[in-house]
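A.B. asks: Data: data17.cif, mmCIF, C-alpha atoms and all ligand atoms.
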```cif
data_protein
loop_
_atom_site.label_atom_id
_atom_site.label_comp_id
_atom_site.auth_asym_id
_atom_site.auth_seq_id
_atom_site.Cartn_x
_atom_site.Cartn_y
_atom_site.Cartn_z
CA MET A 1 2.80 33.29 2.35
CA SER A 2 4.75 30.67 4.25
CA VAL A 3 3.30 27.80 6.19
CA THR A 4 5.81 27.51 9.01
CA PRO A 5 5.59 30.99 10.52
CA THR A 6 1.80 30.78 10.29
CA LEU A 7 1.88 27.61 12.33
CA GLU A 8 4.53 28.80 14.76
CA THR A 9 2.67 31.96 15.66
CA ASP A 10 -0.65 30.33 15.24
CA VAL A 11 -3.35 29.99 17.80
CA LEU A 12 -2.81 26.24 17.68
CA ARG A 13 0.66 26.62 19.14
CA ARG A 14 -0.69 28.65 22.03
CA GLN A 15 -3.79 26.61 22.63
CA ASP A 16 -2.56 23.08 21.95
CA PRO A 17 1.21 22.87 21.85
CA GLU A 18 1.05 19.08 21.83
CA LEU A 19 -0.76 19.02 18.47
CA ALA A 20 1.21 21.99 17.12
CA GLU A 21 4.41 20.07 17.78
CA ILE A 22 3.06 17.08 15.87
CA LEU A 23 2.15 19.29 12.88
CA LEU A 24 5.56 20.95 12.93
CA ALA A 25 7.30 17.58 13.26
CA GLU A 26 5.50 16.38 10.13
CA LEU A 27 6.45 19.58 8.30
CA ASP A 28 10.05 18.94 9.36
CA ARG A 29 9.87 15.31 8.15
CA GLN A 30 8.49 16.42 4.79
CA SER A 31 11.13 19.15 4.48
CA THR A 32 14.18 17.09 5.39
CA THR A 33 13.47 13.84 3.52
CA LEU A 34 12.71 13.17 -0.15
CA GLN A 35 9.05 12.49 -0.91
CA LEU A 36 9.18 9.92 -3.69
CA ILE A 37 5.74 8.44 -3.02
CA ALA A 38 4.07 8.64 -6.43
CA ALA A 39 0.71 9.73 -5.03
CA GLU A 40 2.06 12.65 -2.95
CA ASN A 41 2.79 16.29 -3.61
CA PHE A 42 3.06 19.64 -1.82
CA THR A 43 -0.09 21.74 -2.11
CA SER A 44 0.45 25.47 -2.29
CA PRO A 45 0.01 27.71 0.77
CA ALA A 46 -3.09 29.11 -1.01
CA VAL A 47 -4.64 25.62 -1.17
CA LEU A 48 -3.79 25.08 2.50
CA ALA A 49 -5.35 28.45 3.34
CA ALA A 50 -8.63 27.45 1.67
CA LEU A 51 -8.56 24.11 3.51
CA GLY A 52 -8.11 25.84 6.84
CA SER A 53 -10.77 28.48 6.15
CA PRO A 54 -14.19 29.02 7.80
CA LEU A 55 -15.77 27.18 4.88
CA ALA A 56 -14.90 24.11 6.96
CA ASN A 57 -17.78 25.12 9.25
CA LYS A 58 -20.49 25.07 6.61
CA TYR A 59 -22.97 22.26 6.09
CA ALA A 60 -24.05 22.12 2.46
CA GLU A 61 -25.93 18.98 1.50
CA GLY A 62 -27.07 19.13 -2.11
CA TYR A 63 -25.75 21.21 -4.98
CA SER A 64 -25.43 24.93 -5.71
CA GLY A 65 -28.88 26.52 -5.72
CA ALA A 66 -30.53 23.35 -4.36
CA ARG A 67 -29.25 22.82 -0.81
CA TYR A 68 -30.89 21.23 2.19
CA HIS A 69 -29.29 23.83 4.49
CA GLY A 70 -29.68 27.57 4.79
CA GLY A 71 -26.86 30.07 4.47
CA CYS A 72 -25.26 28.40 1.46
CA GLU A 73 -25.23 31.46 -0.81
CA ILE A 74 -21.47 32.01 -0.44
CA VAL A 75 -20.32 28.37 -0.58
CA ASP A 76 -22.60 27.89 -3.60
CA VAL A 77 -20.38 30.35 -5.45
CA ALA A 78 -17.24 28.49 -4.34
CA GLU A 79 -18.63 25.24 -5.72
CA GLN A 80 -19.72 26.89 -8.98
CA VAL A 81 -16.22 28.28 -9.43
CA ALA A 82 -14.67 24.85 -8.74
CA VAL A 83 -17.03 23.13 -11.20
CA GLU A 84 -16.51 25.74 -13.93
CA ARG A 85 -12.73 25.60 -13.53
CA ALA A 86 -12.69 21.79 -13.65
CA ARG A 87 -14.91 21.76 -16.76
CA ALA A 88 -12.68 24.27 -18.54
CA LEU A 89 -9.44 22.59 -17.46
CA PHE A 90 -10.41 19.15 -18.72
CA GLY A 91 -12.87 20.05 -21.49
CA ALA A 92 -15.71 18.19 -19.78
CA ALA A 93 -19.42 18.99 -20.16
CA HIS A 94 -19.97 18.18 -16.49
CA ALA A 95 -17.85 18.04 -13.34
CA ASN A 96 -18.76 16.89 -9.85
CA VAL A 97 -16.23 18.11 -7.29
CA GLN A 98 -17.86 16.77 -4.10
CA SER A 99 -16.23 13.33 -3.80
CA HIS A 100 -14.33 13.13 -0.53
CA SER A 101 -11.60 10.95 -2.08
CA GLY A 102 -10.56 9.05 -5.18
CA SER A 103 -12.21 5.90 -3.80
CA SER A 104 -15.47 7.80 -3.21
CA ALA A 105 -15.35 9.01 -6.82
CA VAL A 106 -14.95 5.43 -8.10
CA LEU A 107 -17.79 4.28 -5.84
CA ALA A 108 -19.99 7.02 -7.29
CA ALA A 109 -19.06 6.06 -10.86
CA TYR A 110 -20.08 2.46 -10.18
CA ALA A 111 -23.25 3.63 -8.44
CA ALA A 112 -24.14 5.76 -11.47
CA LEU A 113 -23.66 2.99 -14.04
CA LEU A 114 -23.89 -0.44 -12.38
CA ARG A 115 -26.08 -2.67 -10.25
CA PRO A 116 -24.69 -5.08 -7.64
CA GLY A 117 -23.61 -8.31 -9.31
CA ASP A 118 -22.67 -6.68 -12.63
CA THR A 119 -19.48 -7.81 -14.33
CA VAL A 120 -16.64 -5.28 -14.56
CA LEU A 121 -13.34 -5.66 -16.41
CA ALA A 122 -10.41 -3.86 -14.79
CA LEU A 123 -6.64 -4.11 -14.42
CA GLY A 124 -6.00 -6.91 -11.92
CA LEU A 125 -4.64 -5.88 -8.53
CA PRO A 126 -1.38 -7.83 -9.00
CA TYR A 127 -0.71 -5.69 -12.07
CA GLY A 128 -1.44 -2.27 -10.59
CA GLY A 129 -5.21 -2.13 -10.24
CA HIS A 130 -6.49 -0.07 -7.29
CA LEU A 131 -8.43 -1.56 -4.35
CA THR A 132 -11.59 -0.13 -5.92
CA HIS A 133 -10.93 -2.21 -9.05
CA GLY A 134 -12.15 -5.45 -7.52
CA SER A 135 -10.24 -6.17 -4.32
CA PRO A 136 -12.14 -8.69 -2.17
CA ALA A 137 -11.32 -6.43 0.80
CA ASN A 138 -13.13 -3.50 -0.84
CA PHE A 139 -16.79 -2.76 -1.72
CA SER A 140 -15.86 -3.25 -5.38
CA GLY A 141 -14.85 -6.89 -5.01
CA ARG A 142 -17.76 -7.59 -2.65
CA TRP A 143 -20.53 -6.05 -4.74
CA PHE A 144 -19.42 -6.61 -8.32
CA ASP A 145 -18.07 -9.48 -10.33
CA PHE A 146 -14.62 -8.28 -11.38
CA VAL A 147 -12.57 -9.87 -14.13
CA GLY A 148 -8.93 -8.78 -14.20
CA TYR A 149 -6.77 -8.11 -17.24
CA GLY A 150 -3.02 -8.00 -16.91
CA VAL A 151 0.22 -6.73 -18.32
CA ASP A 152 2.70 -8.59 -20.47
CA ALA A 153 5.26 -10.25 -18.18
CA GLU A 154 8.14 -9.30 -20.51
CA THR A 155 7.28 -5.74 -21.48
CA GLY A 156 5.13 -4.72 -18.50
CA LEU A 157 2.70 -3.13 -20.98
CA ILE A 158 -1.09 -3.64 -20.79
CA ASP A 159 -1.96 -6.78 -22.72
CA HIS A 160 -4.41 -5.29 -25.22
CA ASP A 161 -5.16 -8.65 -26.84
CA GLN A 162 -6.15 -10.04 -23.47
CA VAL A 163 -8.35 -7.02 -22.72
CA ARG A 164 -10.24 -7.56 -25.98
CA THR A 165 -10.56 -11.35 -25.50
CA LEU A 166 -11.79 -11.01 -21.89
CA ALA A 167 -14.24 -8.30 -22.91
CA HIS A 168 -15.74 -10.50 -25.62
CA THR A 169 -15.83 -13.55 -23.34
CA HIS A 170 -17.33 -11.89 -20.23
CA ARG A 171 -19.38 -9.06 -21.83
CA PRO A 172 -18.82 -6.71 -18.85
CA LYS A 173 -21.21 -3.89 -18.05
CA ALA A 174 -18.20 -1.60 -17.58
CA ILE A 175 -14.50 -1.58 -18.38
CA VAL A 176 -12.17 0.33 -16.06
CA CYS A 177 -8.83 1.68 -17.25
CA GLY A 178 -6.47 3.23 -14.76
CA SER A 179 -3.84 2.10 -12.31
CA ILE A 180 -1.90 2.94 -9.19
CA ALA A 181 1.42 2.04 -10.78
CA TYR A 182 1.29 1.92 -14.59
CA PRO A 183 4.06 4.25 -15.80
CA ARG A 184 2.96 4.57 -19.43
CA HIS A 185 0.16 6.51 -21.09
CA ILE A 186 -3.08 4.56 -21.35
CA ASP A 187 -4.50 4.13 -24.85
CA TYR A 188 -7.99 5.47 -24.15
CA ALA A 189 -9.04 5.16 -27.81
CA PHE A 190 -8.31 1.42 -27.65
CA PHE A 191 -10.37 0.98 -24.47
CA ARG A 192 -13.25 2.99 -26.02
CA GLU A 193 -13.15 0.76 -29.08
CA VAL A 194 -13.32 -2.44 -27.02
CA ALA A 195 -16.06 -1.02 -24.78
CA ASP A 196 -18.11 -0.19 -27.89
CA GLU A 197 -17.53 -3.66 -29.34
CA VAL A 198 -19.16 -5.28 -26.29
CA GLY A 199 -21.62 -2.53 -25.32
CA ALA A 200 -19.82 -1.68 -22.05
CA TYR A 201 -19.41 1.65 -20.30
CA LEU A 202 -15.84 2.93 -20.11
CA ILE A 203 -14.69 4.31 -16.76
CA ALA A 204 -11.26 5.94 -16.72
CA ASP A 205 -9.79 6.04 -13.22
CA ALA A 206 -7.28 8.78 -13.96
CA ALA A 207 -6.33 9.46 -10.33
CA HIS A 208 -2.64 9.38 -11.16
CA PRO A 209 -2.30 11.09 -14.55
CA ILE A 210 -5.03 13.74 -14.17
CA GLY A 211 -2.52 16.41 -13.07
CA LEU A 212 -0.41 15.67 -16.13
CA VAL A 213 -3.57 15.93 -18.23
CA ALA A 214 -4.22 19.38 -16.71
CA GLY A 215 -0.71 20.44 -17.70
CA GLY A 216 -0.92 18.99 -21.21
CA ALA A 217 1.67 16.31 -20.46
CA ALA A 218 -0.61 13.25 -20.78
CA PRO A 219 -3.56 12.31 -23.00
CA ASN A 220 -6.99 13.40 -21.81
CA PRO A 221 -9.45 10.54 -21.12
CA VAL A 222 -12.50 12.87 -21.17
CA PRO A 223 -13.28 12.49 -24.90
CA TYR A 224 -13.22 8.69 -24.59
CA ALA A 225 -14.62 7.63 -21.22
CA ASP A 226 -18.25 7.73 -20.13
CA ILE A 227 -17.03 8.77 -16.69
CA VAL A 228 -13.59 9.91 -15.60
CA CYS A 229 -12.81 9.53 -11.89
CA ALA A 230 -9.82 11.27 -10.37
CA THR A 231 -8.17 12.49 -7.23
CA THR A 232 -7.41 16.17 -6.77
CA HIS A 233 -4.17 15.53 -4.88
CA LYS A 234 -1.24 13.68 -6.50
CA VAL A 235 0.27 15.51 -9.52
CA LEU A 236 -2.73 17.87 -9.66
CA ARG A 237 -1.44 19.32 -6.37
CA GLY A 238 -4.79 20.16 -4.84
CA PRO A 239 -6.30 19.07 -1.53
CA ARG A 240 -6.89 15.39 -0.82
CA GLY A 241 -10.18 14.64 -2.54
CA GLY A 242 -11.93 13.29 -5.60
CA MET A 243 -13.91 14.44 -8.62
CA LEU A 244 -15.86 13.04 -11.55
CA LEU A 245 -16.05 14.28 -15.13
CA CYS A 246 -18.64 13.18 -17.68
CA GLY A 247 -20.85 14.21 -20.58
CA ALA A 248 -24.13 16.07 -20.14
CA GLU A 249 -26.21 12.89 -20.56
CA LEU A 250 -24.75 11.30 -17.39
CA ALA A 251 -24.53 14.52 -15.35
CA GLU A 252 -27.66 13.96 -13.29
CA ARG A 253 -26.89 10.28 -12.62
CA VAL A 254 -23.35 11.13 -11.50
CA ASP A 255 -24.54 13.93 -9.22
CA ARG A 256 -27.16 11.72 -7.61
CA ALA A 257 -24.61 8.91 -7.24
CA VAL A 258 -22.38 11.25 -5.20
CA PHE A 259 -25.16 12.92 -3.19
CA PRO A 260 -27.41 11.55 -1.79
CA PHE A 261 -26.46 7.98 -2.79
CA THR A 262 -22.91 7.63 -1.44
CA GLN A 263 -22.20 10.85 0.48
CA GLY A 264 -23.82 13.39 2.76
CA GLY A 265 -22.74 17.00 3.16
CA ALA A 266 -20.03 18.30 0.86
CA GLN A 267 -16.80 19.53 2.45
CA MET A 268 -16.91 23.12 1.29
CA ASN A 269 -13.40 24.01 2.47
CA ALA A 270 -12.04 21.14 0.36
CA ILE A 271 -14.17 22.24 -2.60
CA ALA A 272 -12.81 25.80 -2.32
CA ALA A 273 -9.28 24.33 -2.13
CA LYS A 274 -10.01 22.28 -5.24
CA ALA A 275 -11.06 25.51 -7.00
CA VAL A 276 -7.77 27.13 -5.99
CA ALA A 277 -5.82 24.12 -7.30
CA PHE A 278 -7.75 24.11 -10.60
CA GLY A 279 -6.93 27.81 -10.93
CA GLU A 280 -3.25 27.07 -10.40
CA ALA A 281 -3.37 24.15 -12.83
CA ALA A 282 -4.71 26.42 -15.60
CA THR A 283 -1.57 28.59 -15.57
CA PRO A 284 1.44 28.36 -17.91
CA ALA A 285 3.57 27.74 -14.80
CA PHE A 286 1.65 24.52 -14.13
CA THR A 287 2.04 23.40 -17.76
CA ALA A 288 5.80 23.84 -17.35
CA TYR A 289 5.62 22.00 -14.02
CA ALA A 290 3.77 19.01 -15.49
CA HIS A 291 6.31 18.65 -18.30
CA GLN A 292 9.16 18.98 -15.81
CA VAL A 293 7.62 16.23 -13.67
CA VAL A 294 7.83 13.88 -16.68
CA ALA A 295 11.34 15.04 -17.67
CA ASN A 296 12.49 14.43 -14.10
CA ALA A 297 10.90 10.97 -14.01
CA ARG A 298 12.60 10.04 -17.27
CA VAL A 299 15.99 11.09 -15.94
CA LEU A 300 15.45 9.18 -12.69
CA ALA A 301 14.26 6.07 -14.56
CA SER A 302 17.23 6.07 -16.90
CA GLU A 303 19.67 6.64 -14.02
CA LEU A 304 18.17 3.73 -12.09
CA ALA A 305 18.40 1.54 -15.22
CA ALA A 306 22.03 2.60 -15.73
CA GLU A 307 22.71 1.60 -12.12
CA GLY A 308 21.35 -1.88 -12.80
CA LEU A 309 17.79 -1.82 -11.45
CA ALA A 310 15.15 -3.37 -13.72
CA VAL A 311 12.82 -0.54 -14.77
CA THR A 312 9.35 -1.87 -15.64
CA THR A 313 8.38 -1.11 -19.27
CA GLY A 314 11.92 0.21 -19.77
CA GLY A 315 11.04 3.75 -18.66
CA THR A 316 8.10 6.07 -18.13
CA ASP A 317 5.75 8.51 -19.90
CA THR A 318 4.53 9.97 -16.62
CA HIS A 319 5.54 10.94 -13.08
CA LEU A 320 5.56 7.28 -12.07
CA ILE A 321 8.36 4.71 -12.14
CA THR A 322 8.31 1.10 -10.99
CA VAL A 323 11.53 -0.86 -10.60
CA ASP A 324 12.73 -4.24 -9.45
CA PRO A 325 15.77 -3.82 -7.17
CA ALA A 326 16.56 -7.58 -7.27
CA PRO A 327 19.51 -7.20 -9.68
CA LEU A 328 21.23 -5.21 -6.90
CA GLY A 329 20.73 -8.15 -4.54
CA VAL A 330 17.87 -6.75 -2.47
CA GLU A 331 14.12 -7.36 -2.64
CA GLY A 332 11.47 -4.64 -2.60
CA ARG A 333 10.48 -4.50 1.07
CA ALA A 334 14.06 -4.51 2.34
CA ALA A 335 14.94 -1.91 -0.31
CA ARG A 336 12.15 0.38 0.84
CA GLY A 337 13.40 0.11 4.43
CA ARG A 338 17.01 0.89 3.51
CA LEU A 339 16.00 3.87 1.41
CA ALA A 340 13.71 5.18 4.15
CA ALA A 341 16.61 5.03 6.60
CA ALA A 342 18.53 7.23 4.17
CA GLY A 343 15.61 9.69 3.98
CA MET A 344 14.19 8.56 0.63
CA VAL A 345 10.51 7.78 1.17
CA LEU A 346 8.73 5.56 -1.36
CA ASP A 347 6.38 2.58 -1.71
CA CYS A 348 6.56 -1.07 -2.63
CA CYS A 349 4.47 -2.37 -5.50
CA ALA A 350 3.66 -5.53 -7.42
CA LEU A 351 5.83 -6.46 -10.38
CA PRO A 352 4.55 -7.77 -13.74
CA TYR A 353 6.13 -11.14 -13.02
CA GLY A 354 6.47 -13.42 -9.98
CA ASP A 355 5.59 -12.68 -6.37
CA ALA A 356 8.54 -10.45 -5.45
CA ARG A 357 7.81 -6.83 -4.60
CA GLY A 358 9.19 -3.90 -6.55
CA LEU A 359 9.51 -0.20 -5.76
CA ARG A 360 7.11 2.49 -6.94
CA LEU A 361 8.26 6.08 -7.00
CA GLY A 362 7.21 9.40 -8.47
CA THR A 363 8.58 12.87 -9.11
CA ALA A 364 5.60 15.16 -8.44
CA ALA A 365 6.69 16.38 -5.00
CA LEU A 366 10.40 16.83 -5.77
CA THR A 367 9.48 18.82 -8.90
CA THR A 368 7.19 21.09 -6.89
CA GLN A 369 10.19 21.79 -4.66
CA GLY A 370 12.07 22.99 -7.75
CA MET A 371 14.37 20.04 -8.31
CA GLY A 372 15.36 19.35 -11.91
CA GLU A 373 17.28 16.79 -13.94
CA PRO A 374 20.67 17.16 -12.14
CA GLU A 375 19.09 16.55 -8.73
CA LEU A 376 17.03 13.61 -9.99
CA ALA A 377 20.08 12.02 -11.60
CA ARG A 378 21.96 12.33 -8.30
CA ILE A 379 19.03 10.83 -6.39
CA GLY A 380 19.14 7.81 -8.75
CA VAL A 381 22.84 7.31 -8.01
CA LEU A 382 22.22 7.73 -4.29
CA MET A 383 19.38 5.21 -4.28
CA ALA A 384 21.40 2.58 -6.11
CA GLY A 385 24.44 3.23 -3.90
CA VAL A 386 22.42 2.74 -0.73
CA LEU A 387 20.81 -0.44 -2.08
CA ARG A 388 24.15 -1.91 -3.15
CA GLY A 389 25.77 -0.81 0.10
CA ASP A 390 28.43 1.34 -1.68
CA ILE A 391 27.13 4.45 0.04
CA ASP A 392 26.59 4.20 3.77
CA THR A 393 23.16 5.08 5.10
CA ALA A 394 24.32 7.87 7.41
CA GLY A 395 26.26 9.57 4.60
CA ALA A 396 23.28 9.30 2.27
CA ARG A 397 20.96 10.66 4.98
CA ASP A 398 23.22 13.71 5.36
CA GLU A 399 23.27 14.30 1.62
CA VAL A 400 19.48 13.95 1.43
CA ARG A 401 19.07 16.48 4.25
CA GLU A 402 21.38 18.92 2.50
CA LEU A 403 19.63 18.46 -0.86
CA ALA A 404 16.15 18.85 0.65
CA GLY A 405 17.36 21.92 2.53
CA ARG A 406 18.23 23.61 -0.77
CA PHE A 407 14.67 23.06 -2.06
CA PRO A 408 12.31 23.80 0.84
CA PRO A 409 8.71 22.89 -0.01
CA TYR A 410 7.45 25.87 2.00
CA PRO A 411 10.17 28.55 1.99
CA ARG A 412 10.15 30.79 5.05
C1 LIG B 501 -6.02 4.64 -9.62
C2 LIG B 501 -6.49 5.09 -8.28
N1 LIG B 501 -7.80 5.06 -7.99
C3 LIG B 501 -8.28 5.45 -6.80
C4 LIG B 501 -7.43 5.90 -5.81
C5 LIG B 501 -8.03 6.23 -4.47
O1 LIG B 501 -7.82 7.51 -4.02
P1 LIG B 501 -8.03 7.82 -2.46
O2 LIG B 501 -6.84 7.30 -1.74
O3 LIG B 501 -8.16 9.31 -2.44
O4 LIG B 501 -9.28 7.14 -2.03
C6 LIG B 501 -6.06 5.95 -6.05
C7 LIG B 501 -5.14 6.40 -5.00
O5 LIG B 501 -3.96 6.24 -5.03
C8 LIG B 501 -5.58 5.53 -7.32
O6 LIG B 501 -4.27 5.54 -7.58
#
```
Is it possible to give me this structure as structure tokens?
C.D. replies:
Amino acid sequence: MSVTPTLETDVLRRQDPELAEILLAELDRQSTTLQLIAAENFTSPAVLAALGSPLANKYAEGYSGARYHGGCEIVDVAEQVAVERARALFGAAHANVQSHSGSSAVLAAYAALLRPGDTVLALGLPYGGHLTHGSPANFSGRWFDFVGYGVDAETGLIDHDQVRTLAHTHRPKAIVCGSIAYPRHIDYAFFREVADEVGAYLIADAAHPIGLVAGGAAPNPVPYADIVCATTHKVLRGPRGGMLLCGAELAERVDRAVFPFTQGGAQMNAIAAKAVAFGEAATPAFTAYAHQVVANARVLASELAAEGLAVTTGGTDTHLITVDPAPLGVEGRAARGRLAAAGMVLDCCALPYGDARGLRLGTAALTTQGMGEPELARIGVLMAGVLRGDIDTAGARDEVRELAGRFPPYPR
């Protein structure tokens, strides 16, 4: 099934050409540029079909078998399938698949375990913590007393000694491990140990690595954390959304924290799409995909290092790479702009040292398109060439268009 013909012949094109054109323009943008944003991916046509299904019409407050609305007998089954697939995929006693987003999942985890004013230890925002890990602009920073741990300025690795010292000094109610930009595996056993030493809950915000976990390419936080929060998009390649995993003893608290405490009616089309994505993620093809994502990231990281960019932590264990382009004579924001003009779309990020911005990139989307090590190595050369000014932007843009054209995300 292909997305483009569906859209072109679709009722939307006849009824609302203005919106249809916008959707097609976005499909064209995604198909003719390189999506290097670490949090993005291409969901399958089957996931998109579930998202665009009549399940979008259904109100379903509550949980399977205990809804506040009538007519839920079919969507109940969809949610049961999603929950069972998530439990099996991650080896969790309990899964809640209703969170509308990763942030909603983190909010629910806090709601399940904390009271306003509690102290929480999490990776500081300047080192790759998410907004929900204590930003003053977010509910987390407003309602809880966050203490931030950091990374070593030299190695870029989480400063485990500091985590332990801060935990013993501040006695937090919860410790959060997880990041928007950390390229290495997180040592969940270490965090569990420290949490136990100070009597804290451990919350793993595995939004980024959870797809790699599903494919056996990253360690699973489920055996260590009291609650695992995650997104279902990113490497996991499902619809935009969130989920929570936990043991049986916290199941009821987690469910109540999602509904009715922080959310109303579940989005049943998104839940069905999550079920489809979990089904895909349980296949050998997805295991191969997850390992290829990491292999591709390693090749890209080593190519960027060979070209002179400073790769944080010296490489990656995951889909995620952060680099400082300063050695090529350009700072992060300007670098992002130059690369975007050449059709390479990525984000800026904080660096372990100083105030300068770095670049954050990931290989999930390119790998879904079928690109492998040769293409990623070439993209590294192209990026560095554009940043140094050796390769002119228009030439790079043409090459990007040609490369993307050979690996269409939604073949016709
Ligand atoms: C570690 C982490 N937590 C939470 C989130 C929030 O997810 P969402 O954007 O779906 O709210 C993200 C998103 O990038 C993330 O990386």
A.B. asks: Counting only C-alpha atoms and all ligand atoms, which residues of chain A fall within 6 Å of ligand LIG 501 (chain B), and what is the closest atom pair for each with its distance in Å at one decimal, ordered by chain and rising number, as a tab-separated table?
C.D. replies:
```
residue	atom	partner	partner_atom	distance
A:Ala39	CA	B:LIG501	O5	5.8
A:Ser101	CA	B:LIG501	O3	3.8
A:Gly102	CA	B:LIG501	O1	3.4
A:Ser103	CA	B:LIG501	O4	3.6
A:His130	CA	B:LIG501	C2	5.3
A:Gly178	CA	B:LIG501	C1	5.3
A:Ser179	CA	B:LIG501	C1	4.3
A:Ile180	CA	B:LIG501	O6	3.9
A:Asp205	CA	B:LIG501	C1	5.4
A:Ala207	CA	B:LIG501	C2	4.8
A:His208	CA	B:LIG501	O6	5.5
A:Thr231	CA	B:LIG501	O3	5.7
A:Gly241	CA	B:LIG501	O3	5.7
```
A.B. asks: Put those residues in a file: C-alpha atoms, as a PDB file, keeping the file's coordinate frame.
C.D. replies:
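After the write, out13.pdb holds the following:
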```pdb
ATOM      1  CA  ALA A  39       0.710   9.730  -5.030  1.00  0.00           C
ATOM      2  CA  SER A 101     -11.600  10.950  -2.080  1.00  0.00           C
ATOM      3  CA  GLY A 102     -10.560   9.050  -5.180  1.00  0.00           C
ATOM      4  CA  SER A 103     -12.210   5.900  -3.800  1.00  0.00           C
ATOM      5  CA  HIS A 130      -6.490  -0.070  -7.290  1.00  0.00           C
ATOM      6  CA  GLY A 178      -6.470   3.230 -14.760  1.00  0.00           C
ATOM      7  CA  SER A 179      -3.840   2.100 -12.310  1.00  0.00           C
ATOM      8  CA  ILE A 180      -1.900   2.940  -9.190  1.00  0.00           C
ATOM      9  CA  ASP A 205      -9.790   6.040 -13.220  1.00  0.00           C
ATOM     10  CA  ALA A 207      -6.330   9.460 -10.330  1.00  0.00           C
ATOM     11  CA  HIS A 208      -2.640   9.380 -11.160  1.00  0.00           C
ATOM     12  CA  THR A 231      -8.170  12.490  -7.230  1.00  0.00           C
ATOM     13  CA  GLY A 241     -10.180  14.640  -2.540  1.00  0.00           C
TER      14      GLY A 241
END
```
A.B. asks: Just checking: using all atoms listed in the file, which residue out of A:Thr32, A:Thr318, A:Asn296, A:Gln263 ends up closest to Gly215 of chain A?
C.D. replies: A:Thr318
A.B. asks: Name the residues in contact with segment 327-343 of chain A at a cut-off of 9 Å, using all atoms listed in the file, excluding same-chain residues fewer than 6 positions from it; report them as a list in words.
C.D. replies: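 What passes the distance filter is Thr32, Thr33, Leu34, Gln35, Glu307, Gly308, Leu309, Ala310, Cys349, Ala356, Arg357, Gly358, Leu359, Met383, Ala384, Val386, Leu387, Arg388, Asp392, Thr393, Ala394, Gly395, Ala396, Arg397, Asp398, Glu399, Val400 and Arg401 of chain A.
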A.B. asks: Just the number, please: distance in Å from atom CA of Leu244 of chain A to atom CA of Gln162 of chain A, one decimal.
C.D. replies: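 One can read the atom CA of Leu244 of chain A to atom CA of Gln162 of chain A distance as 27.7 Å.
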A.B. asks: Considering all atoms listed in the file, can you say which of A:Val235, A:Ala305, A:Ile203, A:Ala404 comes closest to Phe278 of chain A?
C.D. replies: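 Comparing A:Val235, A:Ala305, A:Ile203, A:Ala404 against Phe278 of chain A, the winner is A:Val235.
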A.B. asks: Env of Gly370 of chain A: 12 Å cut, atoms = all atoms listed in the file, seq-sep filter 4 positions within chain, self excluded. Answer as a list in words.
C.D. replies: Phe42, Ala288, Tyr289, Gln292, Val293, Asn296, Thr363, Ala364, Ala365, Leu366, Pro374, Glu375, Leu376, Leu403, Ala404, Gly405, Arg406, Phe407, Pro408, Pro409, Tyr410 and Pro411 of chain A
A.B. asks: Hey, what's within 9 Å of Lys58 of chain A if we count all atoms listed in the file and toss same-chain stuff fewer than 5 positions away? As a ChimeraX atom specification, please?
C.D. replies: /A:71-72,75,266-269
A.B. asks: When distances are computed from only C-alpha atoms, which of A:Val276, A:Leu113, A:Ala285, A:Val294 shows the smallest separation from Glu79 of chain A?
C.D. replies: A:Val276
A.B. asks: Using all atoms listed in the file, which protein or nucleic acid residues come within 9 Å of Val311 of chain A? Drop anything in the same chain fewer than 2 positions from it, and give the result as a ChimeraX atom specification.
C.D. replies: /A:301-302,304-305,308-309,313-316,321-325
A.B. asks: Counting all atoms listed in the file, which of A:Val176, A:Ala214, A:Val163, A:Cys229 gets nearest to Ala281 of chain A?
C.D. replies: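 The closest residue to Ala281 of chain A is A:Ala214.
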A.B. asks: Just checking: using only C-alpha atoms, which residue out of A:Ala60, A:His94, A:Arg142, A:Tyr353 ends up closest to Glu249 of chain A?
C.D. replies: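 Closest to Glu249 of chain A, using only C-alpha atoms: A:His94.
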A.B. asks: Here is a test: counting all atoms listed in the file, which residue of A:Phe191, A:Tyr182, A:Tyr201, A:Tyr63 is nearest to Leu320 of chain A?
C.D. replies: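 Nearest candidate to Leu320 of chain A out of A:Phe191, A:Tyr182, A:Tyr201, A:Tyr63: A:Tyr182.
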A.B. asks: Which residues come within 10 Å of Thr262 of chain A, counting all atoms listed in the file, excluding same-chain residues fewer than 6 positions away, as a list in words?
C.D. replies: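 Contacts, with the query itself left out: Ser99, Ser104, Ala105, Leu107, Ala108, Ala111 and Arg256 of chain A.
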A.B. asks: Counting all atoms listed in the file, find residues at most 10 Å from (0.9, -9.9, -20.6) (file frame) and give them as a compact mmCIF listing (two decimals) with C-alpha atoms, in the frame of the given file.
C.D. replies:
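Writing the result to point07.txt gives the following:
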```txt
# COMPACT_ATOMS: atom_id res chain seq x y z
CA TYR A 127 -0.71 -5.69 -12.07
CA TYR A 149 -6.77 -8.11 -17.24
CA GLY A 150 -3.02 -8.00 -16.91
CA VAL A 151 0.22 -6.73 -18.32
CA ASP A 152 2.70 -8.59 -20.47
CA ALA A 153 5.26 -10.25 -18.18
CA GLU A 154 8.14 -9.30 -20.51
CA THR A 155 7.28 -5.74 -21.48
CA GLY A 156 5.13 -4.72 -18.50
CA LEU A 157 2.70 -3.13 -20.98
CA ILE A 158 -1.09 -3.64 -20.79
CA ASP A 159 -1.96 -6.78 -22.72
CA HIS A 160 -4.41 -5.29 -25.22
CA ASP A 161 -5.16 -8.65 -26.84
CA GLN A 162 -6.15 -10.04 -23.47
CA VAL A 163 -8.35 -7.02 -22.72
CA PRO A 352 4.55 -7.77 -13.74
CA TYR A 353 6.13 -11.14 -13.02
```
